[in-house]
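Enquirer: Below you will find the structure I want to go over with you.
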Amino acid sequence: SATPPREIGSDLAPGMINVARERLEAECRMDDGMYRGCITAEVGDAMDPPPGPHHVIFSAFGLQQLPSPIRAIESWFNVMEPGGVCVFVYWPPNPPKIPGDDKDDPWKLWGELLKRKLGKKDEGKPWDENIDAAVAAAGGEIVHDKFITHDICWSCVRDMFDGMSRAGPWHAMRLRRGDDFVDELGKELQSMLHTQYPIGKTLSHKTTARMIVARRQKW
């Protein structure tokens, strides 16, 4: 039989790698170890991927968290084999307006609060406007580019904030700035959302992701 391809999952956080390895071990026990050793999880930096060449690189909702998303994309193409495919899904900084959705987006409000608190000014064009040029410069071509709208529901505003800031993408700010800083902003956010979502009311909102599929050219 054909040898299964080797797959490498990586994350910068050792704790996440431990969770992944536990799940992999459980899956291997279920399939009699067919894929043991073919799928591994290793601590790694998405800005500096392992040497290739790789057939496929896939990134899910991590790109926008990186210090330089464009440089990360370039580094991915540098380790892909000719004809290889790169798929990345991320939360765009300026997603398109969702028709008929007039609710306050808690993620957008959070970003505005951070900018005001940190004294950040408008940084001009969003970073992802440079994706097309970066892919082309790295010898790739975009073959699929799509915005995908998701419905997200939380039991209440407080649960949303706790989930995002303690186990989600806002947790990085908690680590950098501390609990007091993040929790104080959390109080402001909950106050802003209180009219639409009073205590005990389910919070539901729509948010838009962007999925790009690019291929490294064979020349």
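Starting from 1 in every chain, residues are counted up; chains themselves are A, B, ... following the order of the structure tokens, and ligands are numbered from 1 as listed.
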Using DSSP secondary structure from the backbone, list all alpha helix (DSSP H) positions within range 16-206 of chain A, as a PyMOL selection string.
Expert: chain A and resi 16-30+69-78+106-118+131-137+157-166+171-177+179-193
Enquirer: Using only C-alpha atoms, tabulate the residues of range 61-177 of chain A lying at most 9 Å from any atom of range 37-56 of chain A, each with its closest atom pair and that distance in Å to one decimal, by chain and increasing residue number, as a Markdown table.
Expert:
```
| residue | atom | partner | partner_atom | distance |
| --- | --- | --- | --- | --- |
| A:Gly62 | CA | A:Ala46 | CA | 8.6 |
| A:Leu63 | CA | A:Ala46 | CA | 8.4 |
| A:Leu66 | CA | A:Met47 | CA | 7.5 |
| A:Pro67 | CA | A:Met47 | CA | 8.5 |
| A:Ser68 | CA | A:Met47 | CA | 7.9 |
| A:Pro69 | CA | A:Met47 | CA | 8.1 |
| A:Arg71 | CA | A:Met47 | CA | 7.3 |
| A:Ala72 | CA | A:Met47 | CA | 4.7 |
| A:Ile73 | CA | A:Met47 | CA | 8.2 |
| A:Ser75 | CA | A:Asp48 | CA | 6.7 |
| A:Trp76 | CA | A:Pro49 | CA | 6.7 |
| A:Asn78 | CA | A:Gly52 | CA | 8.3 |
| A:Val79 | CA | A:Gly52 | CA | 4.6 |
| A:Met80 | CA | A:His54 | CA | 4.6 |
| A:Glu81 | CA | A:Pro53 | CA | 4.8 |
| A:Pro82 | CA | A:His55 | CA | 8.4 |
| A:Gly83 | CA | A:His55 | CA | 7.7 |
| A:Gly84 | CA | A:His55 | CA | 4.6 |
| A:Val85 | CA | A:Val56 | CA | 4.9 |
| A:Cys86 | CA | A:Val56 | CA | 5.7 |
| A:Val87 | CA | A:Val56 | CA | 7.7 |
```
Enquirer: List every residue of range 70-111 of chain A that DSSP, applied to the backbone of this structure, places in strand (DSSP E), and write the result as a list in words.
Expert: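 Taking range 70-111 of chain A and keeping strand (DSSP E) only, one gets Met80, Glu81, Pro82, Gly83, Gly84, Val85, Cys86, Val87, Phe88, Val89 and Tyr90 of chain A.
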Enquirer: Next, write the just-selected residues to a file, as an mmCIF file, in the first residue's frame, keeping C-alpha atoms as the atom set.
Expert:
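Output below, filename again-v6.cif:
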```cif
data_model
loop_
_atom_site.group_PDB
_atom_site.id
_atom_site.type_symbol
_atom_site.label_atom_id
_atom_site.label_comp_id
_atom_site.auth_asym_id
_atom_site.auth_seq_id
_atom_site.Cartn_x
_atom_site.Cartn_y
_atom_site.Cartn_z
ATOM 1 C CA MET A 80 6.637 24.998 -0.880
ATOM 2 C CA GLU A 81 7.435 22.761 -3.788
ATOM 3 C CA PRO A 82 6.543 23.976 -7.302
ATOM 4 C CA GLY A 83 2.837 23.341 -7.808
ATOM 5 C CA GLY A 84 2.262 23.214 -4.043
ATOM 6 C CA VAL A 85 -0.869 24.748 -2.557
ATOM 7 C CA CYS A 86 -1.183 27.219 0.311
ATOM 8 C CA VAL A 87 -4.577 27.710 1.994
ATOM 9 C CA PHE A 88 -5.096 30.329 4.676
ATOM 10 C CA VAL A 89 -8.238 31.503 6.448
ATOM 11 C CA TYR A 90 -8.107 34.619 8.598
#
```
Enquirer: Mind pulling up the distance from CA of Met211 in chain A to CA of Ile142 in chain A?
Expert: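 Here the two named atoms are 10.7 Å from each other.
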Enquirer: Which residue gives the smallest distance to Trp170 in chain A among A:Phe58, A:Trp107, A:Phe77, A:Trp91, with only C-alpha atoms counted?
Expert: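 Under the stated criterion, the closest residue is A:Trp107.
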Enquirer: Counting only C-alpha atoms, what is within 10 Å of Trp127 in chain A, bar same-chain residues fewer than 6 positions away, as a list of chain:residue names?
Expert: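 What passes the distance filter is A:Gln64, A:Ser68, A:Pro69, A:Ile70, A:Pro92, A:Pro93, A:Asn94.
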Enquirer: Determine, using only C-alpha atoms, which residues of range 101-147 of chain A have any atom at most 12 Å from an atom of range 159-166 of chain A, and tabulate each with its shortest atom pair and distance in Å to one decimal place, rows ordered by chain and then rising number, as a tab-separated table.
Expert:
```
residue	atom	partner	partner_atom	distance
A:Asp105	CA	A:Met160	CA	11.9
A:Pro106	CA	A:Met160	CA	8.9
A:Trp107	CA	A:Met164	CA	9.5
A:Leu109	CA	A:Phe161	CA	11.9
A:Trp110	CA	A:Phe161	CA	9.7
```
Enquirer: Would you output that residue set with all heavy atoms, as a PDB file, in the first residue's frame?
Expert:
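Once written, selection_26.pdb looks like this:
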```pdb
ATOM      1  N   ASP A 105     -20.936  45.000  16.124  1.00  0.00           N
ATOM      2  CA  ASP A 105     -20.026  43.857  16.091  1.00  0.00           C
ATOM      3  C   ASP A 105     -19.100  43.953  17.296  1.00  0.00           C
ATOM      4  O   ASP A 105     -18.304  44.885  17.388  1.00  0.00           O
ATOM      5  CB  ASP A 105     -19.225  43.879  14.791  1.00  0.00           C
ATOM      6  CG  ASP A 105     -18.279  42.692  14.653  1.00  0.00           C
ATOM      7  OD1 ASP A 105     -18.084  41.973  15.656  1.00  0.00           O
ATOM      8  OD2 ASP A 105     -17.751  42.487  13.560  1.00  0.00           O
ATOM      9  N   PRO A 106     -19.181  43.013  18.243  1.00  0.00           N
ATOM     10  CA  PRO A 106     -18.326  43.116  19.437  1.00  0.00           C
ATOM     11  C   PRO A 106     -16.847  43.094  19.112  1.00  0.00           C
ATOM     12  O   PRO A 106     -16.039  43.706  19.819  1.00  0.00           O
ATOM     13  CB  PRO A 106     -18.752  41.908  20.283  1.00  0.00           C
ATOM     14  CG  PRO A 106     -19.426  40.968  19.338  1.00  0.00           C
ATOM     15  CD  PRO A 106     -20.062  41.830  18.300  1.00  0.00           C
ATOM     16  N   TRP A 107     -16.446  42.404  18.049  1.00  0.00           N
ATOM     17  CA  TRP A 107     -15.027  42.360  17.689  1.00  0.00           C
ATOM     18  C   TRP A 107     -14.550  43.711  17.176  1.00  0.00           C
ATOM     19  O   TRP A 107     -13.452  44.153  17.484  1.00  0.00           O
ATOM     20  CB  TRP A 107     -14.787  41.264  16.653  1.00  0.00           C
ATOM     21  CG  TRP A 107     -15.038  39.894  17.197  1.00  0.00           C
ATOM     22  CD1 TRP A 107     -15.440  39.581  18.472  1.00  0.00           C
ATOM     23  CD2 TRP A 107     -14.897  38.668  16.513  1.00  0.00           C
ATOM     24  NE1 TRP A 107     -15.570  38.226  18.605  1.00  0.00           N
ATOM     25  CE2 TRP A 107     -15.243  37.632  17.430  1.00  0.00           C
ATOM     26  CE3 TRP A 107     -14.529  38.322  15.231  1.00  0.00           C
ATOM     27  CZ2 TRP A 107     -15.229  36.286  17.082  1.00  0.00           C
ATOM     28  CZ3 TRP A 107     -14.502  36.977  14.880  1.00  0.00           C
ATOM     29  CH2 TRP A 107     -14.847  35.979  15.800  1.00  0.00           C
ATOM     30  N   LEU A 109     -15.946  46.625  17.967  1.00  0.00           N
ATOM     31  CA  LEU A 109     -15.943  47.519  19.122  1.00  0.00           C
ATOM     32  C   LEU A 109     -14.687  47.311  19.963  1.00  0.00           C
ATOM     33  O   LEU A 109     -14.103  48.269  20.476  1.00  0.00           O
ATOM     34  CB  LEU A 109     -17.190  47.280  19.972  1.00  0.00           C
ATOM     35  CG  LEU A 109     -18.530  47.696  19.360  1.00  0.00           C
ATOM     36  CD1 LEU A 109     -19.666  47.337  20.302  1.00  0.00           C
ATOM     37  CD2 LEU A 109     -18.550  49.187  19.040  1.00  0.00           C
ATOM     38  N   TRP A 110     -14.281  46.057  20.113  1.00  0.00           N
ATOM     39  CA  TRP A 110     -13.072  45.755  20.879  1.00  0.00           C
ATOM     40  C   TRP A 110     -11.848  46.402  20.226  1.00  0.00           C
ATOM     41  O   TRP A 110     -10.997  46.989  20.912  1.00  0.00           O
ATOM     42  CB  TRP A 110     -12.880  44.247  20.986  1.00  0.00           C
ATOM     43  CG  TRP A 110     -11.623  43.816  21.670  1.00  0.00           C
ATOM     44  CD1 TRP A 110     -10.500  43.315  21.083  1.00  0.00           C
ATOM     45  CD2 TRP A 110     -11.343  43.858  23.074  1.00  0.00           C
ATOM     46  NE1 TRP A 110      -9.545  43.021  22.029  1.00  0.00           N
ATOM     47  CE2 TRP A 110     -10.033  43.344  23.261  1.00  0.00           C
ATOM     48  CE3 TRP A 110     -12.075  44.261  24.194  1.00  0.00           C
ATOM     49  CZ2 TRP A 110      -9.442  43.237  24.510  1.00  0.00           C
ATOM     50  CZ3 TRP A 110     -11.480  44.146  25.445  1.00  0.00           C
ATOM     51  CH2 TRP A 110     -10.190  43.645  25.591  1.00  0.00           C
TER      52      TRP A 110
END
```
Enquirer: One number please: CA of Gly186 in chain A to CA of Asp151 in chain A, in Å, one decimal.
Expert: 21.8 Å
Enquirer: Just the number, please: distance in Å from CA of Asp128 in chain A to CA of His205 in chain A, one decimal.
Expert: 23.2 Å
Enquirer: Residues at most 8 Å from Cys156 in chain A, counting only C-alpha atoms, excluding those fewer than 6 positions away in the same chain, as a PyMOL selection string?
Expert: chain A and resi 197+199-203
Enquirer: Find the spatial neighbours of Gly140 in chain A, counting only C-alpha atoms, within a cut-off of 9 Å - ignore same-chain residues fewer than 4 positions away - and output them as a list in words.
Expert: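 Once the adjacent positions are removed, what remains is Phe77, Gly83, Ala134, Val135, Ala136, Ala214, Arg215, Arg216, Gln217 and Lys218 of chain A.
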Enquirer: Hey, what's within 9 Å of Ile98 in chain A if we count only C-alpha atoms and toss same-chain stuff fewer than 6 positions away? As a ChimeraX atom specification, please?
Expert: /A:149,206-208
Enquirer: Keeping only all heavy atoms, write the selected residues as a tab-separated table (two decimals), in the first residue's frame.
Expert:
```
chain	number	residue	atom	x	y	z
A	149	THR	N	-19.17	34.32	5.60
A	149	THR	CA	-19.85	34.89	6.76
A	149	THR	C	-20.29	33.81	7.73
A	149	THR	O	-20.85	32.79	7.32
A	149	THR	CB	-21.07	35.73	6.33
A	149	THR	OG1	-20.63	36.80	5.48
A	149	THR	CG2	-21.78	36.32	7.52
A	206	LYS	N	-22.85	38.34	13.39
A	206	LYS	CA	-22.24	37.78	12.19
A	206	LYS	C	-20.83	38.34	12.05
A	206	LYS	O	-20.58	39.49	12.38
A	206	LYS	CB	-23.06	38.13	10.94
A	206	LYS	CG	-24.45	37.52	10.91
A	206	LYS	CD	-25.18	37.94	9.64
A	206	LYS	CE	-26.60	37.38	9.58
A	206	LYS	NZ	-26.61	35.92	9.48
A	207	THR	N	-19.95	37.52	11.59
A	207	THR	CA	-18.60	37.99	11.32
A	207	THR	C	-18.09	37.32	10.04
A	207	THR	O	-18.60	36.27	9.64
A	207	THR	CB	-17.66	37.68	12.51
A	207	THR	OG1	-16.43	38.35	12.32
A	207	THR	CG2	-17.41	36.18	12.64
A	208	THR	N	-17.16	37.95	9.41
A	208	THR	CA	-16.72	37.50	8.09
A	208	THR	C	-15.25	37.11	8.08
A	208	THR	O	-14.39	37.87	8.53
A	208	THR	CB	-16.95	38.61	7.04
A	208	THR	OG1	-18.35	38.93	7.01
A	208	THR	CG2	-16.52	38.14	5.66
```
